[in-house]
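Asker: Below is the file my_file30.tsv, which contains TSV, C-alpha atoms and all ligand atoms.
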chain	number	residue	atom	x	y	z
K	42	MET	CA	7.43	23.97	-1.65
K	43	PRO	CA	4.52	22.18	0.00
K	44	PHE	CA	6.63	19.03	0.41
K	45	THR	CA	8.82	20.48	3.16
K	46	ALA	CA	5.72	21.40	5.14
K	47	ARG	CA	4.18	17.96	4.60
K	48	ARG	CA	7.33	16.23	5.90
K	49	ALA	CA	7.31	18.56	8.89
K	50	ALA	CA	3.69	17.59	9.60
K	51	LEU	CA	4.66	13.91	9.41
K	52	ARG	CA	7.56	14.49	11.83
K	53	ALA	CA	5.11	15.83	14.38
K	54	LEU	CA	3.30	12.45	14.28
K	55	LEU	CA	6.41	10.31	14.80
K	56	PRO	CA	6.72	10.57	18.61
K	57	GLY	CA	3.08	9.50	18.98
K	58	ALA	CA	3.84	6.45	16.86
K	59	GLY	CA	6.83	5.64	19.08
K	60	VAL	CA	9.45	5.99	16.33
K	61	ASP	CA	12.12	8.49	15.36
K	62	ALA	CA	11.94	7.78	11.61
K	63	LEU	CA	9.39	6.44	9.15
K	64	LEU	CA	10.26	4.29	6.16
K	65	VAL	CA	7.68	5.28	3.53
K	66	THR	CA	7.25	2.61	0.86
K	67	ASP	CA	3.79	3.43	-0.53
K	68	LEU	CA	4.49	5.24	-3.82
K	69	VAL	CA	1.54	7.59	-3.45
K	70	ASN	CA	2.77	8.58	0.00
K	71	VAL	CA	6.29	9.05	-1.37
K	72	ARG	CA	4.88	11.37	-4.02
K	73	TYR	CA	2.85	13.30	-1.45
K	74	LEU	CA	5.87	13.86	0.80
K	75	SER	CA	8.51	14.53	-1.85
K	76	GLY	CA	6.98	15.30	-5.26
K	77	PHE	CA	8.70	12.29	-6.83
K	78	THR	CA	6.58	10.66	-9.55
K	79	GLY	CA	8.70	7.66	-10.61
K	80	SER	CA	7.55	4.04	-10.32
K	81	ASN	CA	10.17	2.79	-7.83
K	82	ALA	CA	11.05	4.71	-4.67
K	83	ALA	CA	11.12	4.78	-0.91
K	84	LEU	CA	11.62	7.58	1.56
K	85	LEU	CA	13.13	7.68	5.02
K	86	VAL	CA	11.75	10.64	6.97
K	87	HIS	CA	13.83	11.27	10.07
K	88	ALA	CA	12.45	13.12	13.10
K	89	ASP	CA	15.59	15.27	13.24
K	90	GLY	CA	14.93	16.86	9.87
K	91	ASP	CA	15.65	16.67	6.16
K	92	ASP	CA	19.44	16.45	6.66
K	93	ARG	CA	19.02	12.93	8.00
K	94	SER	CA	16.17	12.03	5.62
K	95	ARG	CA	16.76	10.22	2.32
K	96	ILE	CA	14.90	9.39	-0.88
K	97	CYS	CA	15.85	6.27	-2.81
K	98	THR	CA	15.10	5.34	-6.40
K	99	ASP	CA	16.86	3.35	-9.12
K	100	GLY	CA	19.16	4.41	-11.96
K	101	ARG	CA	16.34	5.01	-14.45
K	102	TYR	CA	15.20	7.96	-12.36
K	103	ALA	CA	18.54	9.51	-11.33
K	104	THR	CA	17.91	12.66	-13.40
K	105	GLN	CA	14.23	12.84	-12.52
K	106	VAL	CA	14.75	12.54	-8.77
K	107	ALA	CA	17.31	15.37	-8.82
K	108	ALA	CA	14.81	17.59	-10.66
K	109	GLU	CA	11.69	16.66	-8.70
K	110	VAL	CA	13.26	16.37	-5.24
K	111	PRO	CA	16.12	18.88	-5.09
K	112	ASP	CA	15.80	19.25	-1.31
K	113	LEU	CA	16.56	15.67	-0.20
K	114	ALA	CA	19.72	13.56	-0.57
K	115	ALA	CA	19.03	10.77	-3.07
K	116	VAL	CA	20.26	7.19	-2.86
K	117	ILE	CA	20.35	5.33	-6.19
K	118	GLU	CA	19.65	1.64	-5.67
K	119	ARG	CA	17.06	-0.78	-7.03
K	120	ALA	CA	15.88	-2.35	-3.75
K	121	CYS	CA	14.93	0.98	-2.18
K	122	ALA	CA	13.21	-0.08	1.05
K	123	VAL	CA	15.93	-2.57	1.95
K	124	GLU	CA	18.66	-0.05	1.11
K	125	LEU	CA	17.16	2.66	3.33
K	126	ALA	CA	16.61	0.16	6.17
K	127	LYS	CA	20.30	-0.77	5.90
K	128	ARG	CA	21.23	2.88	6.37
K	129	ALA	CA	18.98	3.42	9.39
K	130	ALA	CA	21.68	2.82	11.99
K	131	LYS	CA	24.10	5.18	10.24
K	132	LEU	CA	21.40	7.87	10.20
K	133	SER	CA	21.07	7.42	14.02
K	134	VAL	CA	17.60	5.88	13.82
K	135	GLU	CA	16.73	4.12	17.07
K	136	ARG	CA	13.23	2.88	16.24
K	137	LEU	CA	12.29	2.66	12.57
K	138	GLY	CA	8.59	2.89	11.78
K	139	PHE	CA	7.31	1.19	8.63
K	140	GLU	CA	4.01	1.18	6.76
K	141	SER	CA	2.69	-2.12	8.03
K	142	ASP	CA	-0.49	-1.62	5.99
K	143	VAL	CA	1.63	-1.63	2.81
K	144	VAL	CA	4.68	-3.87	3.35
K	145	THR	CA	4.23	-7.56	2.49
K	146	VAL	CA	5.22	-10.38	4.83
K	147	ASP	CA	8.24	-11.20	2.67
K	148	GLY	CA	9.14	-7.52	2.47
K	149	TYR	CA	8.98	-7.23	6.24
K	150	GLU	CA	11.41	-10.11	6.73
K	151	ALA	CA	13.85	-8.49	4.30
K	152	LEU	CA	13.57	-5.18	6.19
K	153	VAL	CA	14.24	-6.82	9.57
K	154	GLU	CA	17.39	-8.39	8.17
K	155	ALA	CA	18.53	-5.17	6.49
K	156	ALA	CA	17.92	-3.00	9.55
K	157	GLY	CA	20.40	-5.04	11.60
K	158	GLY	CA	19.79	-4.25	15.25
K	159	VAL	CA	17.41	-1.30	14.67
K	160	PRO	CA	13.92	-2.41	15.74
K	161	LEU	CA	11.10	-2.07	13.21
K	162	VAL	CA	7.82	-0.69	14.54
K	163	ARG	CA	4.41	-0.91	12.84
K	164	ALA	CA	3.23	2.57	11.90
K	165	PRO	CA	0.25	2.22	9.54
K	166	GLY	CA	-1.76	5.04	8.02
K	167	LEU	CA	0.26	8.04	9.23
K	168	VAL	CA	0.66	9.63	5.81
K	169	GLN	CA	-2.92	8.74	4.80
K	170	ARG	CA	-4.11	10.65	7.86
K	171	LEU	CA	-2.23	13.74	6.68
K	172	ARG	CA	-3.40	13.31	3.10
K	173	ALA	CA	-7.06	13.41	4.18
K	174	VAL	CA	-6.73	17.17	4.79
K	175	LYS	CA	-5.67	18.93	1.62
K	176	ASP	CA	-3.29	21.89	1.49
K	177	ALA	CA	-3.79	24.85	-0.86
K	178	ALA	CA	-1.71	23.33	-3.67
K	179	GLU	CA	-3.78	20.17	-3.57
K	180	VAL	CA	-7.12	21.97	-3.56
K	181	GLU	CA	-5.94	23.96	-6.56
K	182	ALA	CA	-5.01	20.77	-8.44
K	183	LEU	CA	-8.38	19.23	-7.57
K	184	ARG	CA	-10.16	22.40	-8.69
K	185	ARG	CA	-8.42	22.15	-12.07
K	186	ALA	CA	-9.20	18.43	-12.41
K	187	CYS	CA	-12.87	19.08	-11.64
K	188	SER	CA	-13.10	21.96	-14.08
K	189	VAL	CA	-11.67	19.75	-16.85
K	190	GLY	CA	-14.48	17.29	-16.14
K	191	ASP	CA	-17.10	20.04	-16.25
K	192	ALA	CA	-15.72	21.41	-19.54
K	193	ALA	CA	-15.50	18.01	-21.21
K	194	LEU	CA	-19.09	17.07	-20.33
K	195	ALA	CA	-20.44	20.45	-21.44
K	196	GLU	CA	-18.63	20.07	-24.75
K	197	LEU	CA	-19.89	16.51	-25.24
K	198	LEU	CA	-23.48	17.67	-24.73
K	199	GLU	CA	-23.07	20.72	-26.95
K	200	ALA	CA	-21.62	18.59	-29.72
K	201	GLY	CA	-24.63	16.27	-29.55
K	202	GLY	CA	-22.34	13.45	-28.40
K	203	LEU	CA	-25.08	11.91	-26.31
K	204	ARG	CA	-27.63	10.62	-28.78
K	205	PRO	CA	-29.58	7.49	-29.66
K	206	GLY	CA	-27.61	5.01	-31.74
K	207	ARG	CA	-24.19	5.65	-30.19
K	208	THR	CA	-22.86	2.92	-27.95
K	209	GLU	CA	-21.95	3.32	-24.29
K	210	ARG	CA	-18.35	2.61	-25.25
K	211	GLU	CA	-18.28	5.29	-27.96
K	212	VAL	CA	-19.66	7.97	-25.67
K	213	ALA	CA	-17.29	7.03	-22.82
K	214	LEU	CA	-14.29	7.23	-25.15
K	215	ASP	CA	-15.52	10.53	-26.59
K	216	LEU	CA	-15.78	12.01	-23.09
K	217	GLU	CA	-12.32	10.72	-22.10
K	218	ASN	CA	-10.78	12.18	-25.27
K	219	ARG	CA	-12.36	15.54	-24.54
K	220	MET	CA	-10.89	15.49	-21.03
K	221	ARG	CA	-7.43	14.88	-22.51
K	222	ALA	CA	-7.97	17.72	-24.97
K	223	HIS	CA	-8.76	19.98	-22.01
K	224	GLY	CA	-5.46	19.12	-20.35
K	225	ALA	CA	-6.10	15.93	-18.36
K	226	ASP	CA	-3.31	13.35	-18.28
K	227	GLY	CA	-6.09	10.81	-18.67
K	228	PRO	CA	-9.33	9.75	-17.06
K	229	ALA	CA	-9.24	9.53	-13.24
K	230	PHE	CA	-10.72	6.02	-13.55
K	231	PRO	CA	-12.45	4.04	-16.32
K	232	THR	CA	-15.54	6.07	-17.20
K	233	ILE	CA	-18.85	4.58	-16.13
K	234	LEU	CA	-21.40	5.19	-18.84
K	235	ALA	CA	-24.61	3.27	-18.32
K	236	ALA	CA	-27.78	3.61	-20.38
K	237	GLY	CA	-31.28	2.31	-19.82
K	238	ALA	CA	-31.48	-0.67	-17.46
K	239	ASN	CA	-27.68	-0.65	-17.19
K	240	SER	CA	-27.94	2.59	-15.20
K	241	ALA	CA	-29.25	0.47	-12.32
K	242	VAL	CA	-25.83	-1.19	-12.03
K	243	PRO	CA	-23.80	1.14	-9.77
K	244	HIS	CA	-20.39	0.40	-11.36
K	245	HIS	CA	-21.45	-0.71	-14.82
K	246	ARG	CA	-18.69	-1.00	-17.45
K	247	PRO	CA	-19.55	0.54	-20.83
K	248	THR	CA	-20.66	-2.00	-23.45
K	249	ASP	CA	-21.58	-1.99	-27.12
K	250	ALA	CA	-25.22	-1.43	-26.14
K	251	GLN	CA	-26.73	1.46	-28.08
K	252	LEU	CA	-28.30	4.43	-26.37
K	253	GLN	CA	-32.04	4.66	-26.97
K	254	ARG	CA	-34.57	7.43	-26.73
K	255	GLY	CA	-36.13	7.45	-23.27
K	256	ASP	CA	-33.04	5.97	-21.57
K	257	LEU	CA	-31.67	7.22	-18.32
K	258	VAL	CA	-27.94	7.73	-18.93
K	259	LYS	CA	-25.69	7.69	-15.89
K	260	ILE	CA	-22.20	9.14	-16.39
K	261	ASP	CA	-19.63	8.79	-13.59
K	262	PHE	CA	-16.25	10.12	-14.64
K	263	GLY	CA	-13.30	12.27	-13.74
K	264	ALA	CA	-10.04	13.77	-14.95
K	265	LEU	CA	-6.49	13.19	-13.76
K	266	VAL	CA	-4.51	16.44	-13.46
K	267	ASP	CA	-1.06	16.63	-11.83
K	268	GLY	CA	-1.74	13.35	-10.06
K	269	TYR	CA	-5.07	14.54	-8.63
K	270	HIS	CA	-8.43	12.97	-9.48
K	271	SER	CA	-11.80	14.53	-10.06
K	272	ASP	CA	-15.05	12.63	-9.60
K	273	MET	CA	-18.56	13.59	-10.72
K	274	THR	CA	-21.74	11.75	-11.66
K	275	ARG	CA	-24.69	13.10	-13.58
K	276	THR	CA	-27.74	11.17	-14.75
K	277	LEU	CA	-29.62	12.51	-17.79
K	278	VAL	CA	-32.49	11.39	-19.96
K	279	LEU	CA	-32.40	10.97	-23.73
K	280	GLY	CA	-35.48	12.88	-24.76
K	281	PRO	CA	-38.36	13.89	-22.48
K	282	ALA	CA	-38.24	12.27	-19.02
K	283	ALA	CA	-40.99	9.88	-17.90
K	284	ASP	CA	-42.67	10.62	-14.57
K	285	TRP	CA	-40.86	7.77	-12.76
K	286	GLN	CA	-37.49	9.06	-14.02
K	287	ARG	CA	-38.30	12.58	-12.91
K	288	GLU	CA	-39.42	11.37	-9.45
K	289	LEU	CA	-36.35	9.16	-9.00
K	290	HIS	CA	-34.05	12.01	-9.99
K	291	ALA	CA	-35.81	14.43	-7.64
K	292	LEU	CA	-35.47	11.98	-4.74
K	293	VAL	CA	-31.74	11.49	-5.31
K	294	ALA	CA	-31.24	15.24	-5.74
K	295	GLU	CA	-32.96	15.86	-2.41
K	296	ALA	CA	-30.79	13.24	-0.67
K	297	GLN	CA	-27.68	14.70	-2.27
K	298	ALA	CA	-28.56	18.21	-1.10
K	299	ALA	CA	-29.05	16.87	2.45
K	300	GLY	CA	-25.66	15.16	2.27
K	301	ARG	CA	-23.94	18.34	1.07
K	302	ALA	CA	-25.60	20.36	3.83
K	303	ALA	CA	-24.22	17.90	6.41
K	304	LEU	CA	-20.61	18.54	5.34
K	305	VAL	CA	-19.36	20.52	8.32
K	306	PRO	CA	-16.10	20.22	10.28
K	307	GLY	CA	-16.57	17.88	13.25
K	308	ALA	CA	-19.47	15.93	11.74
K	309	GLU	CA	-19.09	12.19	12.19
K	310	VAL	CA	-18.94	10.50	8.79
K	311	THR	CA	-21.76	8.14	9.78
K	312	ARG	CA	-23.99	11.17	10.49
K	313	VAL	CA	-23.21	12.69	7.10
K	314	ASP	CA	-24.16	9.41	5.43
K	315	ALA	CA	-27.35	9.25	7.49
K	316	ALA	CA	-28.38	12.78	6.50
K	317	ALA	CA	-28.71	11.68	2.88
K	318	ARG	CA	-29.80	8.09	3.54
K	319	ASP	CA	-32.71	9.23	5.74
K	320	VAL	CA	-34.24	11.03	2.75
K	321	VAL	CA	-34.08	7.86	0.65
K	322	GLU	CA	-35.37	5.69	3.50
K	323	ARG	CA	-38.33	7.97	4.16
K	324	ALA	CA	-39.29	7.47	0.50
K	325	GLY	CA	-39.26	3.70	1.10
K	326	ARG	CA	-36.21	3.15	-1.10
K	327	GLY	CA	-33.50	2.63	1.53
K	328	ASP	CA	-32.67	-0.87	0.25
K	329	GLN	CA	-32.06	0.54	-3.24
K	330	PHE	CA	-29.27	2.86	-2.04
K	331	VAL	CA	-26.67	0.13	-1.94
K	332	HIS	CA	-23.39	1.95	-1.26
K	333	GLY	CA	-21.82	4.57	0.97
K	334	LEU	CA	-22.46	8.27	0.51
K	335	GLY	CA	-18.96	9.28	-0.50
K	336	HIS	CA	-15.21	9.16	-0.12
K	337	GLY	CA	-12.14	11.32	0.07
K	338	VAL	CA	-10.47	12.10	-3.24
K	339	GLY	CA	-6.95	13.32	-3.97
K	340	LEU	CA	-3.83	11.51	-5.21
K	341	GLN	CA	-6.09	8.45	-5.22
K	342	ILE	CA	-9.64	8.29	-6.50
K	343	HIS	CA	-10.78	6.63	-3.27
K	344	GLU	CA	-8.99	7.63	-0.09
K	345	ALA	CA	-9.70	8.65	3.50
K	346	PRO	CA	-12.16	9.65	4.79
K	347	TYR	CA	-14.80	7.08	3.85
K	348	VAL	CA	-18.26	8.53	4.33
K	349	GLY	CA	-20.61	5.64	4.88
K	350	ARG	CA	-22.60	3.69	7.43
K	351	THR	CA	-19.50	1.76	8.48
K	352	GLY	CA	-17.04	4.68	8.31
K	353	THR	CA	-15.18	5.98	11.34
K	354	GLY	CA	-14.06	9.42	12.44
K	355	SER	CA	-15.20	12.94	11.69
K	356	LEU	CA	-14.79	15.51	8.96
K	357	ALA	CA	-12.25	18.31	9.24
K	358	ALA	CA	-11.91	21.56	7.35
K	359	GLY	CA	-9.79	21.03	4.24
K	360	MET	CA	-10.98	17.49	3.55
K	361	VAL	CA	-12.14	16.93	-0.03
K	362	VAL	CA	-14.97	14.43	-0.31
K	363	THR	CA	-17.64	13.29	-2.72
K	364	VAL	CA	-21.36	13.22	-1.99
K	365	GLU	CA	-22.94	10.59	-4.23
K	366	PRO	CA	-26.21	8.99	-3.23
K	367	GLY	CA	-27.83	6.69	-5.77
K	368	VAL	CA	-31.08	4.79	-6.06
K	369	TYR	CA	-31.15	1.79	-8.37
K	370	LEU	CA	-34.25	0.02	-9.68
K	371	GLU	CA	-33.02	-3.31	-10.95
K	372	GLY	CA	-33.91	-4.03	-14.56
K	373	LYS	CA	-35.31	-0.54	-15.01
K	374	GLY	CA	-32.79	2.20	-14.33
K	375	GLY	CA	-30.93	4.10	-11.67
K	376	VAL	CA	-29.93	7.62	-10.76
K	377	ARG	CA	-26.77	8.80	-9.02
K	378	ILE	CA	-25.74	12.42	-8.50
K	379	GLU	CA	-22.19	13.07	-7.34
K	380	ASP	CA	-20.22	16.19	-6.56
K	381	THR	CA	-16.76	16.76	-5.14
K	382	LEU	CA	-16.54	19.37	-2.37
K	383	VAL	CA	-14.04	20.89	0.05
K	384	VAL	CA	-15.16	20.89	3.70
K	385	ARG	CA	-14.92	24.44	5.00
K	386	HIS	CA	-15.77	26.22	8.25
K	387	ALA	CA	-18.30	28.16	6.20
K	388	ASP	CA	-20.35	26.39	3.51
K	389	PRO	CA	-18.52	23.59	1.68
K	390	GLU	CA	-16.80	24.68	-1.54
K	391	LEU	CA	-18.22	22.96	-4.59
K	392	LEU	CA	-15.52	21.88	-7.08
K	393	THR	CA	-17.81	20.26	-9.67
K	394	HIS	CA	-20.08	22.84	-11.26
K	395	THR	CA	-22.18	21.05	-13.89
K	396	THR	CA	-25.86	21.65	-13.24
K	397	ARG	CA	-27.68	19.10	-11.10
K	398	GLU	CA	-31.01	19.79	-12.81
K	399	LEU	CA	-32.38	16.80	-14.71
K	400	LEU	CA	-31.13	17.32	-18.27
K	401	GLU	CA	-33.25	16.06	-21.15
K	402	VAL	CA	-30.99	15.87	-24.19
R	501	ZN	ZN	-17.74	8.87	-9.24
R	502	ZN	ZN	-16.98	8.73	-6.24
Show me, as structure tokens, the structure contained in the file I just sent.
Answerer:
Amino acid sequence: MPFTARRAALRALLPGAGVDALLVTDLVNVRYLSGFTGSNAALLVHADGDDRSRICTDGRYATQVAAEVPDLAAVIERACAVELAKRAAKLSVERLGFESDVVTVDGYEALVEAAGGVPLVRAPGLVQRLRAVKDAAEVEALRRACSVGDAALAELLEAGGLRPGRTEREVALDLENRMRAHGADGPAFPTILAAGANSAVPHHRPTDAQLQRGDLVKIDFGALVDGYHSDMTRTLVLGPAADWQRELHALVAEAQAAGRAALVPGAEVTRVDAAARDVVERAGRGDQFVHGLGHGVGLQIHEAPYVGRTGTGSLAAGMVVTVEPGVYLEGKGGVRIEDTLVVRHADPELLTHTTRELLEV
């Protein structure tokens, strides 16, 4: 079970945070540490071990929590965070850490009251820090999510699903249905399908606009598999590409390759961003690359580390990040190319395998 190991890794961080237990109230973090997938839960992870740790959920999930989390004692109560804070003293907690980046002001006041004399200590971001480096089970889930995305796009293209006359909405839905048919629980996020001038809008929402011959078509999409998200962008042309489309695509492809090559353990995230951005800037298009280079991906579609000009920290082996430069010519069209990769001591491992060549369909 990876969850035991993840809780052990969290325990190792508790002394540094000045606490002997952490009250985990972020549901994604609860899932990461326990495997529980219900919609109401909290977790108390005690430094002494699992015997003094507890998971809490409400009556709707009594059966589910026993099945998903057989290795922790479960408390069944609706107000989970408050209930676990109440039990802190009995579990010999002396300083109770809480996720101050998650708990609301009202929630904090309720916790203080519930904890009685046990002091509450801010402990933000501890689990997110662990989640940034993926274990083998997570990489495997991400690999499967990415391969569902690859398969669905290949099938869409083979079936002639990308053709003039179809609307952005129709094609996006078609792609999402194919991901489900390949085993996804759903799309990882609402599919971005942007044709013609719309491709210049980085996060365009699909409309009833019809695809036309000569359009650039930007497709940014992913699959959700076992709670893990995949993320890939390809930009194609309907019919033969014009010279400006070919040049724009080649520029973004070059920047993307430079970004991928910069993915090494120890690299500062700002340097990784700069590796790709320099290529675009040298071409005089720096102001048309309007977002960061990439982001971590896992139980959330966007998570640590953030790879951009304003990011902080460095890459580590086992991080899974996207590399997604884009150049957008307003009113005309844009190109983004995005892959998801695992940072390794050797070359990064590519999880998204669809060709990056400019496809003319
Ligand atoms: Zn994306
Ligand atoms: Zn992305």
Asker: At a cut-off of 9 Å, using only C-alpha atoms, what residues contact Gly206 of chain K? Leave out same-chain residues fewer than 5 positions from it and give the result as a PyMOL selection string.
Answerer: chain K and resi 250-254
Asker: Can you spit out the residues from that selection as a PDB file, in the coordinates of the input, using C-alpha atoms?
Answerer:
ATOM      1  CA  ALA K 250     -25.220  -1.430 -26.140  1.00  0.00           C
ATOM      2  CA  GLN K 251     -26.730   1.460 -28.080  1.00  0.00           C
ATOM      3  CA  LEU K 252     -28.300   4.430 -26.370  1.00  0.00           C
ATOM      4  CA  GLN K 253     -32.040   4.660 -26.970  1.00  0.00           C
ATOM      5  CA  ARG K 254     -34.570   7.430 -26.730  1.00  0.00           C
TER       6      ARG K 254
END
Asker: Pull the closest atom pair for each residue of chain K that gets at most 9 Å from ligand ZN 501 (chain R), along with the distance in Å to one decimal, counting all atoms listed in the file, ordering rows by chain and then ascending residue number, as a Markdown table.
Answerer:
| residue | atom | partner | partner_atom | distance |
| --- | --- | --- | --- | --- |
| K:Phe230 | CA | R:ZN501 | ZN | 8.7 |
| K:Thr232 | CA | R:ZN501 | ZN | 8.7 |
| K:Ile233 | CA | R:ZN501 | ZN | 8.2 |
| K:Ile260 | CA | R:ZN501 | ZN | 8.4 |
| K:Asp261 | CA | R:ZN501 | ZN | 4.7 |
| K:Phe262 | CA | R:ZN501 | ZN | 5.7 |
| K:Gly263 | CA | R:ZN501 | ZN | 7.2 |
| K:Ser271 | CA | R:ZN501 | ZN | 8.2 |
| K:Asp272 | CA | R:ZN501 | ZN | 4.6 |
| K:Met273 | CA | R:ZN501 | ZN | 5.0 |
| K:Thr274 | CA | R:ZN501 | ZN | 5.5 |
| K:Gly335 | CA | R:ZN501 | ZN | 8.8 |
| K:Ile342 | CA | R:ZN501 | ZN | 8.6 |
| K:Thr363 | CA | R:ZN501 | ZN | 7.9 |
| K:Glu365 | CA | R:ZN501 | ZN | 7.4 |
| K:Ile378 | CA | R:ZN501 | ZN | 8.8 |
| K:Glu379 | CA | R:ZN501 | ZN | 6.4 |
| K:Asp380 | CA | R:ZN501 | ZN | 8.2 |
| K:Thr381 | CA | R:ZN501 | ZN | 8.9 |
Asker: Would you put the residues from that selection into a file with C-alpha atoms, as a short mmCIF file (atom, residue, chain, number, x, y, z; two decimals), keeping the file's coordinate frame?
Answerer:
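Printed below is out_30.cif as written:
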data_model
loop_
_atom_site.label_atom_id
_atom_site.label_comp_id
_atom_site.auth_asym_id
_atom_site.auth_seq_id
_atom_site.Cartn_x
_atom_site.Cartn_y
_atom_site.Cartn_z
CA PHE K 230 -10.72 6.02 -13.55
CA THR K 232 -15.54 6.07 -17.20
CA ILE K 233 -18.85 4.58 -16.13
CA ILE K 260 -22.20 9.14 -16.39
CA ASP K 261 -19.63 8.79 -13.59
CA PHE K 262 -16.25 10.12 -14.64
CA GLY K 263 -13.30 12.27 -13.74
CA SER K 271 -11.80 14.53 -10.06
CA ASP K 272 -15.05 12.63 -9.60
CA MET K 273 -18.56 13.59 -10.72
CA THR K 274 -21.74 11.75 -11.66
CA GLY K 335 -18.96 9.28 -0.50
CA ILE K 342 -9.64 8.29 -6.50
CA THR K 363 -17.64 13.29 -2.72
CA GLU K 365 -22.94 10.59 -4.23
CA ILE K 378 -25.74 12.42 -8.50
CA GLU K 379 -22.19 13.07 -7.34
CA ASP K 380 -20.22 16.19 -6.56
CA THR K 381 -16.76 16.76 -5.14
#
Asker: Between atom CA of Ser94 of chain K and atom CA of Asp142 of chain K, what is the distance, to one decimal in Å?
Answerer: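 These atoms are spaced 21.5 Å apart.
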Asker: Using all atoms listed in the file - which residues lie no farther than 8 Å from the point (5.8, 0.6, -0.2) in the file's frame? Write them as a list in words.
Answerer: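 Using all atoms listed in the file, the matching residues come out as Val65, Thr66, Asp67, Leu68, Ala83, Ala122, Glu140, Val143 and Val144 of chain K.
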Asker: Enter the distance from atom CA of Val71 of chain K to atom CA of Leu391 of chain K, in Å, rounded to one decimal.
Answerer: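 Separating atom CA of Val71 of chain K from atom CA of Leu391 of chain K is a distance of 28.4 Å.
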Asker: Please indicate the distance in Å from atom CA of Gly100 of chain K to atom CA of Leu84 of chain K, rounded to one decimal place.
Answerer: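 Atom CA of Leu84 of chain K lies at a distance of 15.8 Å from atom CA of Gly100 of chain K.
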Asker: Taking the partial coordinates given, rebuild segment 209-220 of chain K to contain N, CA, C and O atoms; return it as a PDB file, keeping the file's coordinate frame.
Answerer:
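Output below, filename rebuild39.pdb:
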ATOM      1  N   GLU K 209     -22.513   2.859 -25.564  1.00  0.00           N
ATOM      2  CA  GLU K 209     -21.950   3.320 -24.290  1.00  0.00           C
ATOM      3  C   GLU K 209     -20.440   3.517 -24.423  1.00  0.00           C
ATOM      4  O   GLU K 209     -19.882   4.501 -23.946  1.00  0.00           O
ATOM      5  N   ARG K 210     -19.797   2.547 -25.072  1.00  0.00           N
ATOM      6  CA  ARG K 210     -18.350   2.610 -25.250  1.00  0.00           C
ATOM      7  C   ARG K 210     -17.917   3.849 -26.040  1.00  0.00           C
ATOM      8  O   ARG K 210     -16.946   4.510 -25.678  1.00  0.00           O
ATOM      9  N   GLU K 211     -18.624   4.132 -27.121  1.00  0.00           N
ATOM     10  CA  GLU K 211     -18.280   5.290 -27.960  1.00  0.00           C
ATOM     11  C   GLU K 211     -18.378   6.589 -27.174  1.00  0.00           C
ATOM     12  O   GLU K 211     -17.507   7.457 -27.255  1.00  0.00           O
ATOM     13  N   VAL K 212     -19.452   6.719 -26.415  1.00  0.00           N
ATOM     14  CA  VAL K 212     -19.660   7.970 -25.670  1.00  0.00           C
ATOM     15  C   VAL K 212     -18.610   8.104 -24.563  1.00  0.00           C
ATOM     16  O   VAL K 212     -18.068   9.188 -24.345  1.00  0.00           O
ATOM     17  N   ALA K 213     -18.298   6.987 -23.888  1.00  0.00           N
ATOM     18  CA  ALA K 213     -17.290   7.030 -22.820  1.00  0.00           C
ATOM     19  C   ALA K 213     -15.939   7.463 -23.382  1.00  0.00           C
ATOM     20  O   ALA K 213     -15.244   8.315 -22.805  1.00  0.00           O
ATOM     21  N   LEU K 214     -15.571   6.893 -24.532  1.00  0.00           N
ATOM     22  CA  LEU K 214     -14.290   7.230 -25.150  1.00  0.00           C
ATOM     23  C   LEU K 214     -14.269   8.696 -25.585  1.00  0.00           C
ATOM     24  O   LEU K 214     -13.278   9.405 -25.400  1.00  0.00           O
ATOM     25  N   ASP K 215     -15.374   9.142 -26.154  1.00  0.00           N
ATOM     26  CA  ASP K 215     -15.520  10.530 -26.590  1.00  0.00           C
ATOM     27  C   ASP K 215     -15.281  11.470 -25.394  1.00  0.00           C
ATOM     28  O   ASP K 215     -14.505  12.434 -25.471  1.00  0.00           O
ATOM     29  N   LEU K 216     -15.911  11.165 -24.280  1.00  0.00           N
ATOM     30  CA  LEU K 216     -15.780  12.010 -23.090  1.00  0.00           C
ATOM     31  C   LEU K 216     -14.327  11.992 -22.584  1.00  0.00           C
ATOM     32  O   LEU K 216     -13.770  13.039 -22.230  1.00  0.00           O
ATOM     33  N   GLU K 217     -13.714  10.817 -22.570  1.00  0.00           N
ATOM     34  CA  GLU K 217     -12.320  10.720 -22.100  1.00  0.00           C
ATOM     35  C   GLU K 217     -11.386  11.501 -23.012  1.00  0.00           C
ATOM     36  O   GLU K 217     -10.466  12.189 -22.548  1.00  0.00           O
ATOM     37  N   ASN K 218     -11.616  11.425 -24.334  1.00  0.00           N
ATOM     38  CA  ASN K 218     -10.780  12.180 -25.270  1.00  0.00           C
ATOM     39  C   ASN K 218     -10.918  13.683 -25.050  1.00  0.00           C
ATOM     40  O   ASN K 218      -9.948  14.432 -25.136  1.00  0.00           O
ATOM     41  N   ARG K 219     -12.143  14.114 -24.770  1.00  0.00           N
ATOM     42  CA  ARG K 219     -12.360  15.540 -24.540  1.00  0.00           C
ATOM     43  C   ARG K 219     -11.661  15.990 -23.257  1.00  0.00           C
ATOM     44  O   ARG K 219     -11.163  17.113 -23.169  1.00  0.00           O
ATOM     45  N   MET K 220     -11.619  15.125 -22.247  1.00  0.00           N
ATOM     46  CA  MET K 220     -10.890  15.490 -21.030  1.00  0.00           C
ATOM     47  C   MET K 220      -9.402  15.657 -21.329  1.00  0.00           C
ATOM     48  O   MET K 220      -8.771  16.613 -20.869  1.00  0.00           O
TER      49      MET K 220
END
